[in-house]
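Asks: I am sharing protein-v2.cif, which consists of mmCIF, C-alpha atoms:
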data_target
loop_
_atom_site.label_atom_id
_atom_site.label_comp_id
_atom_site.auth_asym_id
_atom_site.auth_seq_id
_atom_site.Cartn_x
_atom_site.Cartn_y
_atom_site.Cartn_z
CA LYS A 23 118.92 114.06 178.52
CA LYS A 24 122.55 115.19 178.62
CA GLU A 25 123.89 113.76 175.37
CA TYR A 26 122.82 112.83 171.84
CA PHE A 27 124.64 110.33 169.65
CA LEU A 28 124.83 109.77 165.92
CA GLU A 29 124.31 106.07 165.24
CA ASP A 30 125.14 104.31 161.99
CA LEU A 31 122.56 101.51 161.85
CA ASN A 32 124.66 99.59 159.31
CA SER A 33 127.73 99.29 161.53
CA GLY A 34 126.20 99.92 164.93
CA LYS A 35 128.82 102.58 165.67
CA GLN A 36 127.87 105.59 167.75
CA TYR A 37 129.42 109.05 167.73
CA LEU A 38 128.87 111.79 170.30
CA LEU A 39 126.95 114.49 168.43
CA ALA A 40 125.77 116.84 171.15
CA SER A 41 126.22 117.40 174.84
CA LYS A 42 125.25 119.91 177.48
CA THR A 43 128.94 120.05 178.37
CA PRO A 44 130.96 122.57 176.30
CA HIS A 45 133.97 121.26 174.37
CA PRO A 46 136.31 122.88 171.80
CA SER A 47 135.09 120.47 169.11
CA ARG A 48 131.41 121.24 169.75
CA THR A 49 131.18 124.69 168.19
CA ILE A 50 127.48 124.78 167.26
CA ARG A 51 125.18 125.76 170.09
CA TYR A 52 121.42 125.38 170.13
CA GLY A 53 119.53 125.83 173.36
CA SER A 54 121.49 124.15 176.13
CA TYR A 55 123.31 121.75 173.77
CA TYR A 56 126.69 122.00 172.04
CA PHE A 57 126.96 120.16 168.69
CA ASP A 58 130.07 118.85 166.93
CA PRO A 59 130.05 119.99 163.25
CA GLU A 60 132.46 117.20 162.26
CA ILE A 61 129.93 114.60 163.43
CA PHE A 62 127.25 116.35 161.38
CA GLU A 63 129.57 116.10 158.37
CA LEU A 64 130.03 112.40 159.11
CA GLY A 65 126.27 111.96 159.31
CA ASN A 66 125.73 113.74 156.01
CA GLN A 67 128.33 111.50 154.41
CA LEU A 68 126.75 108.35 155.87
CA LEU A 69 123.42 109.31 154.33
CA LEU A 70 124.96 109.96 150.92
CA ASP A 71 126.99 106.74 151.11
CA ASN A 72 123.74 104.77 151.29
CA LEU A 73 121.89 106.14 148.26
CA ASN A 74 121.93 102.70 146.65
CA ASN A 75 119.67 101.34 149.38
CA ASP A 76 115.90 101.20 148.95
CA LEU A 77 115.20 102.91 152.27
CA LEU A 78 116.85 105.80 154.12
CA VAL A 79 115.79 106.91 157.60
CA LEU A 80 116.83 110.09 159.42
CA ASP A 81 115.83 110.66 163.03
CA GLU A 82 115.45 113.57 163.26
CA PHE A 83 114.96 116.65 161.06
CA GLY A 84 114.96 119.32 163.74
CA PRO A 85 115.52 123.01 164.47
CA LEU A 86 119.09 123.05 163.18
CA GLU A 87 118.01 121.54 159.86
CA LEU A 88 115.31 124.21 159.56
CA ARG A 89 118.13 126.77 159.79
CA GLY A 90 120.08 125.02 157.01
CA GLN A 91 122.51 123.29 159.37
CA GLY A 92 122.93 119.80 160.75
CA PHE A 93 121.86 117.14 158.25
CA ARG A 94 120.21 119.65 155.91
CA PRO A 95 122.88 119.49 153.13
CA ALA A 96 122.36 115.74 152.69
CA VAL A 97 118.57 116.02 153.01
CA ASP A 98 118.37 118.61 150.23
CA LEU A 99 120.51 116.50 147.91
CA ILE A 100 118.61 113.31 148.70
CA LEU A 101 115.25 114.91 147.96
CA ARG A 102 116.52 115.98 144.54
CA ALA A 103 117.98 112.66 143.46
CA TYR A 104 117.04 109.68 145.61
CA ARG A 105 114.69 107.13 144.06
CA GLY A 106 113.95 105.07 147.17
CA ILE A 107 111.87 105.73 150.28
CA PHE A 108 113.19 108.49 152.54
CA LEU A 109 111.69 108.68 156.03
CA LEU A 110 112.21 111.80 158.13
CA ALA A 111 111.29 111.95 161.79
CA VAL A 112 109.89 115.41 162.57
CA ARG A 113 108.48 116.77 165.82
CA PRO A 114 104.78 117.68 165.56
CA SER A 115 105.58 121.27 166.53
CA LEU A 116 107.99 121.59 163.57
CA PHE A 117 105.97 119.73 160.96
CA SER A 118 104.37 122.76 159.28
CA ASP A 119 107.65 124.66 158.98
CA THR A 120 109.45 121.55 157.73
CA TYR A 121 106.78 120.86 155.14
CA GLU A 122 106.89 124.42 153.80
CA ILE A 123 110.67 124.30 153.42
CA LEU A 124 110.94 120.85 151.88
CA LYS A 125 107.80 120.52 149.77
CA ASN A 126 109.47 121.79 146.59
CA ARG A 127 112.94 120.34 147.19
CA ASN A 128 112.33 117.27 145.05
CA LYS A 129 111.15 119.28 142.02
CA THR A 130 114.59 120.40 140.88
CA LYS A 131 115.11 119.78 137.19
CA LEU A 132 117.52 116.88 136.71
CA SER A 133 120.09 116.15 134.07
CA PRO A 134 120.60 112.77 132.37
CA THR A 135 123.54 110.51 133.01
CA SER A 136 124.23 106.91 132.19
CA GLY A 137 123.13 104.41 134.81
CA GLY A 138 125.17 101.40 135.82
CA ASN A 139 122.78 99.03 134.04
CA GLY A 140 123.26 100.75 130.68
CA GLY A 141 119.96 102.58 130.98
CA SER A 142 119.35 106.26 131.55
CA ARG A 143 118.50 107.79 134.89
CA MET A 144 118.37 111.32 136.18
CA ILE A 145 120.56 112.89 138.83
CA PRO A 146 121.19 116.57 139.49
CA VAL A 147 124.23 118.38 138.20
CA PRO A 148 126.32 118.97 141.35
CA HIS A 149 126.71 122.69 141.85
CA VAL A 150 127.73 125.19 144.52
CA HIS A 151 127.03 128.91 144.69
CA ILE A 152 129.81 131.18 145.92
CA VAL A 153 128.05 134.21 147.39
CA GLY A 154 129.04 137.35 149.25
CA GLN A 155 129.22 141.10 149.11
CA LYS A 156 130.64 142.95 146.13
CA LYS A 157 134.45 142.83 146.14
CA SER A 158 134.40 140.17 148.87
CA GLY A 159 136.62 137.77 146.92
CA LYS A 160 134.09 135.55 145.13
CA THR A 161 136.02 135.42 141.86
CA ALA A 162 139.30 134.68 143.64
CA LEU A 163 137.68 131.82 145.56
CA LEU A 164 136.16 130.36 142.38
CA GLU A 165 139.54 130.55 140.66
CA PHE A 166 141.15 128.80 143.64
CA LEU A 167 138.50 126.06 143.60
CA VAL A 168 138.68 125.52 139.84
CA THR A 169 142.45 125.11 140.05
CA GLY A 170 142.19 122.73 143.00
CA PHE A 171 139.49 120.53 141.51
CA THR A 172 141.04 120.30 138.05
CA ARG A 173 144.37 119.29 139.59
CA ARG A 174 142.53 116.43 141.26
CA GLY A 175 141.11 115.30 137.93
CA TYR A 176 137.60 116.74 138.17
CA ARG A 177 135.90 118.41 135.23
CA VAL A 178 134.63 121.77 136.45
CA GLY A 179 132.31 124.29 134.83
CA THR A 180 131.68 127.84 135.97
CA LEU A 181 128.69 130.12 135.70
CA LYS A 182 128.83 133.84 136.45
CA HIS A 183 125.53 135.53 137.24
CA SER A 184 124.84 139.23 136.91
CA SER A 185 121.62 141.08 137.62
CA HIS A 186 122.56 143.74 135.07
CA GLN A 187 122.13 143.74 131.30
CA HIS A 188 125.35 143.04 129.39
CA PRO A 189 125.94 142.68 125.64
CA LEU A 190 127.02 139.08 125.13
CA ASP A 191 127.57 139.07 121.38
CA LYS A 192 128.87 141.62 118.93
CA SER A 193 125.93 143.56 117.55
CA GLY A 194 125.42 142.80 113.88
CA SER A 195 127.64 139.72 113.84
CA ASP A 196 126.36 136.63 112.05
CA SER A 197 125.62 134.82 115.32
CA ASP A 198 123.84 137.92 116.66
CA ARG A 199 121.71 138.12 113.51
CA PHE A 200 120.82 134.43 113.85
CA SER A 201 119.77 135.00 117.47
CA ARG A 202 117.64 137.99 116.53
CA ALA A 203 116.02 135.90 113.81
CA GLY A 204 114.93 133.37 116.43
CA ALA A 205 117.76 130.85 116.79
CA ASN A 206 118.09 129.63 120.37
CA PRO A 207 120.85 128.75 120.87
CA SER A 208 123.09 130.37 118.29
CA VAL A 209 126.55 128.79 118.24
CA PHE A 210 129.82 130.27 116.96
CA MET A 211 132.68 127.79 116.54
CA THR A 212 136.35 128.43 115.78
CA PRO A 213 139.42 126.15 115.86
CA ASN A 214 140.18 127.27 119.42
CA GLY A 215 136.77 127.54 121.05
CA VAL A 216 132.98 127.54 120.92
CA ALA A 217 130.60 130.33 121.99
CA ILE A 218 126.96 129.45 122.69
CA PHE A 219 124.40 132.24 122.90
CA TYR A 220 121.08 131.50 124.62
CA ARG A 221 118.17 133.88 124.92
CA SER A 222 116.89 133.76 128.48
CA GLU A 223 113.32 134.47 129.47
CA PRO A 224 112.33 136.52 132.56
CA GLY A 225 112.31 134.30 135.64
CA GLU A 226 113.80 131.36 133.78
CA ASN A 227 115.03 128.50 135.94
CA LEU A 228 118.77 128.19 136.50
CA ASN A 229 118.49 124.41 136.34
CA ARG A 230 117.63 124.53 132.65
CA TYR A 231 121.13 125.80 131.91
CA LEU A 232 122.77 123.46 134.39
CA SER A 233 121.20 120.48 132.65
CA GLN A 234 121.76 121.69 129.09
CA LEU A 235 125.27 123.10 129.36
CA PHE A 236 126.99 121.24 132.19
CA SER A 237 125.73 117.65 132.11
CA ASP A 238 129.26 116.37 131.40
CA CYS A 239 130.77 118.25 134.34
CA ASP A 240 131.56 116.76 137.72
CA LEU A 241 130.88 120.11 139.38
CA VAL A 242 129.55 123.55 138.47
CA LEU A 243 130.78 126.53 140.48
CA ILE A 244 128.37 129.46 140.33
CA GLU A 245 129.41 132.98 141.22
CA ALA A 246 126.51 134.77 142.93
CA PHE A 247 122.87 133.92 142.02
CA SER A 248 122.28 134.06 145.77
CA GLN A 249 118.48 133.90 145.51
CA ALA A 250 118.47 130.71 143.45
CA GLU A 251 117.96 127.38 145.16
CA GLY A 252 121.10 125.38 145.79
CA PRO A 253 123.95 124.88 148.27
CA LYS A 254 125.90 128.05 148.99
CA ILE A 255 129.29 128.92 150.42
CA LEU A 256 129.31 132.44 151.83
CA ILE A 257 132.35 134.69 151.88
CA GLN A 258 131.51 136.41 155.13
CA LYS A 259 132.49 139.97 155.94
CA ASP A 260 130.01 140.54 158.78
CA GLU A 261 127.06 138.83 160.46
CA ASN A 262 124.55 140.69 158.30
CA ASP A 263 125.77 138.67 155.31
CA LEU A 264 123.83 135.66 156.62
CA LYS A 265 120.48 137.44 156.62
CA GLU A 266 117.94 136.37 153.98
CA LEU A 267 120.20 133.63 152.62
CA ASP A 268 119.06 130.02 152.45
CA ASP A 269 121.02 126.81 151.88
CA ILE A 270 124.30 128.00 153.41
CA ILE A 271 126.55 124.96 153.89
CA ALA A 272 129.79 126.73 154.86
CA VAL A 273 131.37 130.14 155.30
CA VAL A 274 134.78 131.54 154.40
CA ASN A 275 136.16 134.25 156.67
CA ASN A 276 139.48 135.47 158.00
CA ASP A 277 139.09 133.57 161.28
CA GLY A 278 138.19 130.21 159.76
CA TYR A 279 135.54 129.92 162.47
CA HIS A 280 131.81 130.39 162.83
CA PRO A 281 129.67 129.17 165.76
CA ASP A 282 126.90 127.83 163.52
CA TYR A 283 128.53 126.78 160.24
CA THR A 284 131.54 124.88 158.97
CA ALA A 285 134.13 127.59 158.29
CA PHE A 286 137.36 127.95 156.32
CA ARG A 287 140.02 130.59 155.86
CA PRO A 288 140.65 131.90 152.33
CA GLY A 289 143.03 129.59 150.50
CA ASP A 290 142.36 126.58 152.76
CA SER A 291 142.39 123.46 150.56
CA LYS A 292 140.18 121.67 153.10
CA ILE A 293 137.22 123.43 151.49
CA ILE A 294 137.78 121.23 148.42
CA ASP A 295 137.59 118.09 150.57
CA PHE A 296 134.43 119.48 152.16
CA ILE A 297 132.73 120.00 148.77
CA ILE A 298 133.75 116.51 147.67
CA ARG A 299 132.20 115.00 150.80
CA THR A 300 129.00 117.02 150.84
CA ILE A 301 128.27 117.65 147.14
CA LEU A 302 130.23 115.42 144.77
CA SER A 303 129.57 112.22 146.68
CA LEU A 304 125.96 112.46 145.49
CA ARG A 305 126.91 111.87 141.84
CA GLU A 306 129.63 109.36 142.70
CA ASN A 307 127.16 107.27 144.70
CA ASN A 308 124.57 107.35 141.92
CA GLN A 309 126.88 106.28 139.09
#
Would you mind writing the file out in structure tokens?

Replies:
Amino acid sequence: KKEYFLEDLNSGKQYLLASKTPHPSRTIRYGSYYFDPEIFELGNQLLLDNLNNDLLVLDEFGPLELRGQGFRPAVDLILRAYRGIFLLAVRPSLFSDTYEILKNRNKTKLSPTSGGNGGSRMIPVPHVHIVGQKKSGKTALLEFLVTGFTRRGYRVGTLKHSSHQHPLDKSGSDSDRFSRAGANPSVFMTPNGVAIFYRSEPGENLNRYLSQLFSDCDLVLIEAFSQAEGPKILIQKDENDLKELDDIIAVVNNDGYHPDYTAFRPGDSKIIDFIIRTILSLRENNQ
């Protein structure tokens, strides 16, 4: 077989996804085939556009998805939020690996939001990790994204993760004394702001804080926390950055190109459109 097509069963339209013939638009190579990342993005969007249906079918979940590419971004989001039947076609030779990767994907803690019928249903808080080496530009990228999203009318929250111990409250302050006495959280409110102090437990799940603190946000941007589960955008300095990282959905580098992932240059506003298509459409389609 020389070509593979993406077919939208609703419209009947077909799009050339992969071919054995190289082409500038087909920048992802696997085996003897060259894949078009823009068609993968279209396929991910088509899946997320149909979350109101009772049945979703994806043929197939293959080697690229096992590597976090292809239709994997949509699959991960669907498994966390979708309430209908989701059928994945998987080759017998890949079944064990696929099962191991996906078996816990639908156990992410969810946050409440109002459903269209006035009832309450649960969908995940949309979030993206910005990961990379120290001094790679993570904070600058988050600042750029926060500015871009807020200008478009989105409500954005940020979470900074550190693996080191840091004093978060002034020792001996009233709120610190309340925390030490057992209050969790302890809240300090002034006319110009509110500080909330939580005591975290070893190994505590990130999703607890996403659901408790950011349920009113359209998007949470997380700096670091690279080992936590969730979609990640990598600020790439060299190829070793990709090792031991899961859930990469895009990279940012000086070339704006990567053979296996959607890539952007620093300061490229198209990354905002990409996050809207691949992450925020989940909440928009569930409201």

Asks: How many Å separate atom CA of A:Tyr279 from atom CA of A:Arg173?

Replies: 26.7 Å

Asks: May I have the residues at most 12 Å from (122.6, 98.3, 159.7) in the file's coordinates, counting only C-alpha atoms, as an MDAnalysis selection string?

Replies: chainID A and resid 29:35 68 72 75 77:79

Asks: Between atom CA of A:Ile293 and atom CA of A:Ile271, what is the distance, to one decimal in Å?

Replies: 11.0 Å

Asks: Considering all atoms listed in the file, give me a table of residues in stretch 180-260 of chain A that are at most 12 Å from stretch 92-114 of chain A, with the closest atom pair and distance in Å for each, as CSV.

Replies:
residue,atom,partner,partner_atom,distance
A:Asn229,CA,A:Arg102,CA,11.9
A:Glu251,CA,A:Asp98,CA,10.1
A:Gly252,CA,A:Asp98,CA,8.5
A:Pro253,CA,A:Pro95,CA,7.3
A:Lys254,CA,A:Pro95,CA,10.0
A:Ile255,CA,A:Pro95,CA,11.7

Asks: On this structure, which residues satisfy the PyMOL selection byres ((chain A and resi 43-52) around 10), written as a list of chain:residue names?

Replies: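 Going through the file, the PyMOL selection byres ((chain A and resi 43-52) around 10) ends up selecting A:Lys24, A:Glu25, A:Leu38, A:Leu39, A:Ala40, A:Ser41, A:Lys42, A:Gly53, A:Ser54, A:Tyr55, A:Tyr56, A:Phe57, A:Asp58, A:Pro59, A:Glu60, A:Ile61, A:Pro85, A:Leu86, A:Gln91, A:Gly92, A:Tyr279, A:His280, A:Pro281, A:Asp282, A:Tyr283, A:Thr284.
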
Asks: Could those selected residues go to a file with C-alpha atoms, as a PDB file, keeping the file's coordinate frame?

Replies:
ATOM      1  CA  LYS A  24     122.550 115.190 178.620  1.00  0.00           C
ATOM      2  CA  GLU A  25     123.890 113.760 175.370  1.00  0.00           C
ATOM      3  CA  LEU A  38     128.870 111.790 170.300  1.00  0.00           C
ATOM      4  CA  LEU A  39     126.950 114.490 168.430  1.00  0.00           C
ATOM      5  CA  ALA A  40     125.770 116.840 171.150  1.00  0.00           C
ATOM      6  CA  SER A  41     126.220 117.400 174.840  1.00  0.00           C
ATOM      7  CA  LYS A  42     125.250 119.910 177.480  1.00  0.00           C
ATOM      8  CA  GLY A  53     119.530 125.830 173.360  1.00  0.00           C
ATOM      9  CA  SER A  54     121.490 124.150 176.130  1.00  0.00           C
ATOM     10  CA  TYR A  55     123.310 121.750 173.770  1.00  0.00           C
ATOM     11  CA  TYR A  56     126.690 122.000 172.040  1.00  0.00           C
ATOM     12  CA  PHE A  57     126.960 120.160 168.690  1.00  0.00           C
ATOM     13  CA  ASP A  58     130.070 118.850 166.930  1.00  0.00           C
ATOM     14  CA  PRO A  59     130.050 119.990 163.250  1.00  0.00           C
ATOM     15  CA  GLU A  60     132.460 117.200 162.260  1.00  0.00           C
ATOM     16  CA  ILE A  61     129.930 114.600 163.430  1.00  0.00           C
ATOM     17  CA  PRO A  85     115.520 123.010 164.470  1.00  0.00           C
ATOM     18  CA  LEU A  86     119.090 123.050 163.180  1.00  0.00           C
ATOM     19  CA  GLN A  91     122.510 123.290 159.370  1.00  0.00           C
ATOM     20  CA  GLY A  92     122.930 119.800 160.750  1.00  0.00           C
ATOM     21  CA  TYR A 279     135.540 129.920 162.470  1.00  0.00           C
ATOM     22  CA  HIS A 280     131.810 130.390 162.830  1.00  0.00           C
ATOM     23  CA  PRO A 281     129.670 129.170 165.760  1.00  0.00           C
ATOM     24  CA  ASP A 282     126.900 127.830 163.520  1.00  0.00           C
ATOM     25  CA  TYR A 283     128.530 126.780 160.240  1.00  0.00           C
ATOM     26  CA  THR A 284     131.540 124.880 158.970  1.00  0.00           C
TER      27      THR A 284
END

Asks: Rank A:Leu228, A:Leu256, A:Leu164, A:Ala246 by their smallest atom-to-atom distance to A:Asp269, using only C-alpha atoms, and report the top residue only.

Replies: A:Leu256

Asks: In Å, with one decimal, what is the gap from atom CA of A:Ala162 to atom CA of A:Ile270?

Replies: 19.1 Å

Asks: Identify which of the residues A:Leu264, A:Asp277, A:Ser248, A:Pro213 lies closest to A:Gly90, counting only C-alpha atoms when measuring atom-to-atom distances.

Replies: A:Leu264

Asks: Rank A:Phe296, A:Phe210, A:Phe286, A:Tyr231 by their smallest atom-to-atom distance to A:Val147, using all atoms listed in the file, and report the top residue only.

Replies: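 Counting all atoms listed in the file, the residue closest to A:Val147 is A:Tyr231.
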
Asks: Using all atoms listed in the file, can you tell me which of A:Leu163, A:Pro189, A:Asp71, A:Ser222 comes closest to A:Asn206?

Replies: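 Selected residue with least distance to A:Asn206: A:Ser222.
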
Asks: Neighbours of A:Ala205 within 12 Å (all atoms listed in the file; same-chain residues fewer than 5 positions away dropped), as a PDB file with C-alpha atoms, in the coordinates of the input?

Replies:
ATOM      1  CA  ASP A 196     126.360 136.630 112.050  1.00  0.00           C
ATOM      2  CA  SER A 197     125.620 134.820 115.320  1.00  0.00           C
ATOM      3  CA  ASP A 198     123.840 137.920 116.660  1.00  0.00           C
ATOM      4  CA  ARG A 199     121.710 138.120 113.510  1.00  0.00           C
ATOM      5  CA  PHE A 200     120.820 134.430 113.850  1.00  0.00           C
ATOM      6  CA  ILE A 218     126.960 129.450 122.690  1.00  0.00           C
ATOM      7  CA  PHE A 219     124.400 132.240 122.900  1.00  0.00           C
ATOM      8  CA  TYR A 220     121.080 131.500 124.620  1.00  0.00           C
ATOM      9  CA  ARG A 221     118.170 133.880 124.920  1.00  0.00           C
TER      10      ARG A 221
END

Asks: Pick from A:Asp268, A:Gly179, A:Ser184, A:Ser208: nearest to A:Ile123, with all atoms listed in the file counted?

Replies: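 Answer, going by the shortest atom-to-atom distance: A:Asp268.
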
Asks: Considering all atoms listed in the file, can you say which of A:Phe166, A:Phe236, A:Phe62, A:Phe247 comes closest to A:Ser185?

Replies: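 That would be A:Phe247, the residue with the smallest distance to A:Ser185.
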
Asks: Please complete stretch 108-118 of chain A so it has all heavy atoms, and hand it over as an mmCIF file, keeping the file's coordinate frame.

Replies:
data_model
loop_
_atom_site.group_PDB
_atom_site.id
_atom_site.type_symbol
_atom_site.label_atom_id
_atom_site.label_comp_id
_atom_site.auth_asym_id
_atom_site.auth_seq_id
_atom_site.Cartn_x
_atom_site.Cartn_y
_atom_site.Cartn_z
ATOM 1 N N PHE A 108 112.424 107.681 151.586
ATOM 2 C CA PHE A 108 113.190 108.490 152.540
ATOM 3 C C PHE A 108 112.263 108.905 153.671
ATOM 4 O O PHE A 108 111.313 109.660 153.463
ATOM 5 C CB PHE A 108 113.782 109.705 151.842
ATOM 6 C CG PHE A 108 114.687 110.543 152.702
ATOM 7 C CD1 PHE A 108 115.468 109.975 153.701
ATOM 8 C CD2 PHE A 108 114.778 111.913 152.499
ATOM 9 C CE1 PHE A 108 116.312 110.744 154.485
ATOM 10 C CE2 PHE A 108 115.617 112.695 153.269
ATOM 11 C CZ PHE A 108 116.384 112.108 154.269
ATOM 12 N N LEU A 109 112.523 108.388 154.870
ATOM 13 C CA LEU A 109 111.690 108.680 156.030
ATOM 14 C C LEU A 109 112.398 109.695 156.924
ATOM 15 O O LEU A 109 113.548 109.492 157.323
ATOM 16 C CB LEU A 109 111.411 107.408 156.828
ATOM 17 C CG LEU A 109 110.630 106.299 156.111
ATOM 18 C CD1 LEU A 109 110.416 105.121 157.053
ATOM 19 C CD2 LEU A 109 109.297 106.822 155.598
ATOM 20 N N LEU A 110 111.701 110.779 157.225
ATOM 21 C CA LEU A 110 112.210 111.800 158.130
ATOM 22 C C LEU A 110 111.355 111.833 159.383
ATOM 23 O O LEU A 110 110.128 111.933 159.293
ATOM 24 C CB LEU A 110 112.157 113.187 157.467
ATOM 25 C CG LEU A 110 113.175 113.524 156.385
ATOM 26 C CD1 LEU A 110 112.847 114.887 155.785
ATOM 27 C CD2 LEU A 110 114.575 113.535 156.951
ATOM 28 N N ALA A 111 112.003 111.764 160.529
ATOM 29 C CA ALA A 111 111.290 111.950 161.790
ATOM 30 C C ALA A 111 111.267 113.449 162.103
ATOM 31 O O ALA A 111 112.309 114.100 162.121
ATOM 32 C CB ALA A 111 111.981 111.187 162.914
ATOM 33 N N VAL A 112 110.065 113.984 162.324
ATOM 34 C CA VAL A 112 109.890 115.410 162.570
ATOM 35 C C VAL A 112 108.968 115.592 163.776
ATOM 36 O O VAL A 112 107.930 114.931 163.879
ATOM 37 C CB VAL A 112 109.273 116.130 161.345
ATOM 38 C CG1 VAL A 112 109.121 117.618 161.617
ATOM 39 C CG2 VAL A 112 110.118 115.893 160.105
ATOM 40 N N ARG A 113 109.342 116.475 164.672
ATOM 41 C CA ARG A 113 108.480 116.770 165.820
ATOM 42 C C ARG A 113 107.173 117.399 165.328
ATOM 43 O O ARG A 113 107.172 118.194 164.380
ATOM 44 C CB ARG A 113 109.168 117.751 166.765
ATOM 45 C CG ARG A 113 110.522 117.314 167.245
ATOM 46 C CD ARG A 113 111.162 118.409 168.080
ATOM 47 N NE ARG A 113 112.602 118.203 168.194
ATOM 48 C CZ ARG A 113 113.423 119.039 168.828
ATOM 49 N NH1 ARG A 113 112.928 120.133 169.394
ATOM 50 N NH2 ARG A 113 114.708 118.788 168.885
ATOM 51 N N PRO A 114 106.055 117.076 165.976
ATOM 52 C CA PRO A 114 104.780 117.680 165.560
ATOM 53 C C PRO A 114 104.819 119.203 165.533
ATOM 54 O O PRO A 114 104.238 119.829 164.644
ATOM 55 C CB PRO A 114 103.795 117.164 166.622
ATOM 56 C CG PRO A 114 104.380 115.864 167.076
ATOM 57 C CD PRO A 114 105.876 116.067 167.041
ATOM 58 N N SER A 115 105.540 119.801 166.463
ATOM 59 C CA SER A 115 105.580 121.270 166.530
ATOM 60 C C SER A 115 106.350 121.881 165.363
ATOM 61 O O SER A 115 106.209 123.070 165.078
ATOM 62 C CB SER A 115 106.221 121.716 167.846
ATOM 63 O OG SER A 115 107.555 121.230 167.947
ATOM 64 N N LEU A 116 107.177 121.077 164.683
ATOM 65 C CA LEU A 116 107.990 121.590 163.570
ATOM 66 C C LEU A 116 107.475 121.125 162.216
ATOM 67 O O LEU A 116 108.057 121.474 161.191
ATOM 68 C CB LEU A 116 109.447 121.127 163.728
ATOM 69 C CG LEU A 116 110.183 121.565 164.990
ATOM 70 C CD1 LEU A 116 111.608 121.018 164.983
ATOM 71 C CD2 LEU A 116 110.202 123.079 165.113
ATOM 72 N N PHE A 117 106.398 120.352 162.214
ATOM 73 C CA PHE A 117 105.970 119.730 160.960
ATOM 74 C C PHE A 117 105.600 120.768 159.901
ATOM 75 O O PHE A 117 106.019 120.666 158.742
ATOM 76 C CB PHE A 117 104.787 118.796 161.193
ATOM 77 C CG PHE A 117 104.308 118.130 159.928
ATOM 78 C CD1 PHE A 117 104.958 117.018 159.431
ATOM 79 C CD2 PHE A 117 103.234 118.641 159.215
ATOM 80 C CE1 PHE A 117 104.540 116.413 158.251
ATOM 81 C CE2 PHE A 117 102.809 118.056 158.036
ATOM 82 C CZ PHE A 117 103.464 116.930 157.557
ATOM 83 N N SER A 118 104.817 121.775 160.269
ATOM 84 C CA SER A 118 104.370 122.760 159.280
ATOM 85 C C SER A 118 105.544 123.498 158.659
ATOM 86 O O SER A 118 105.621 123.668 157.438
ATOM 87 C CB SER A 118 103.400 123.756 159.922
ATOM 88 O OG SER A 118 102.214 123.104 160.328
#
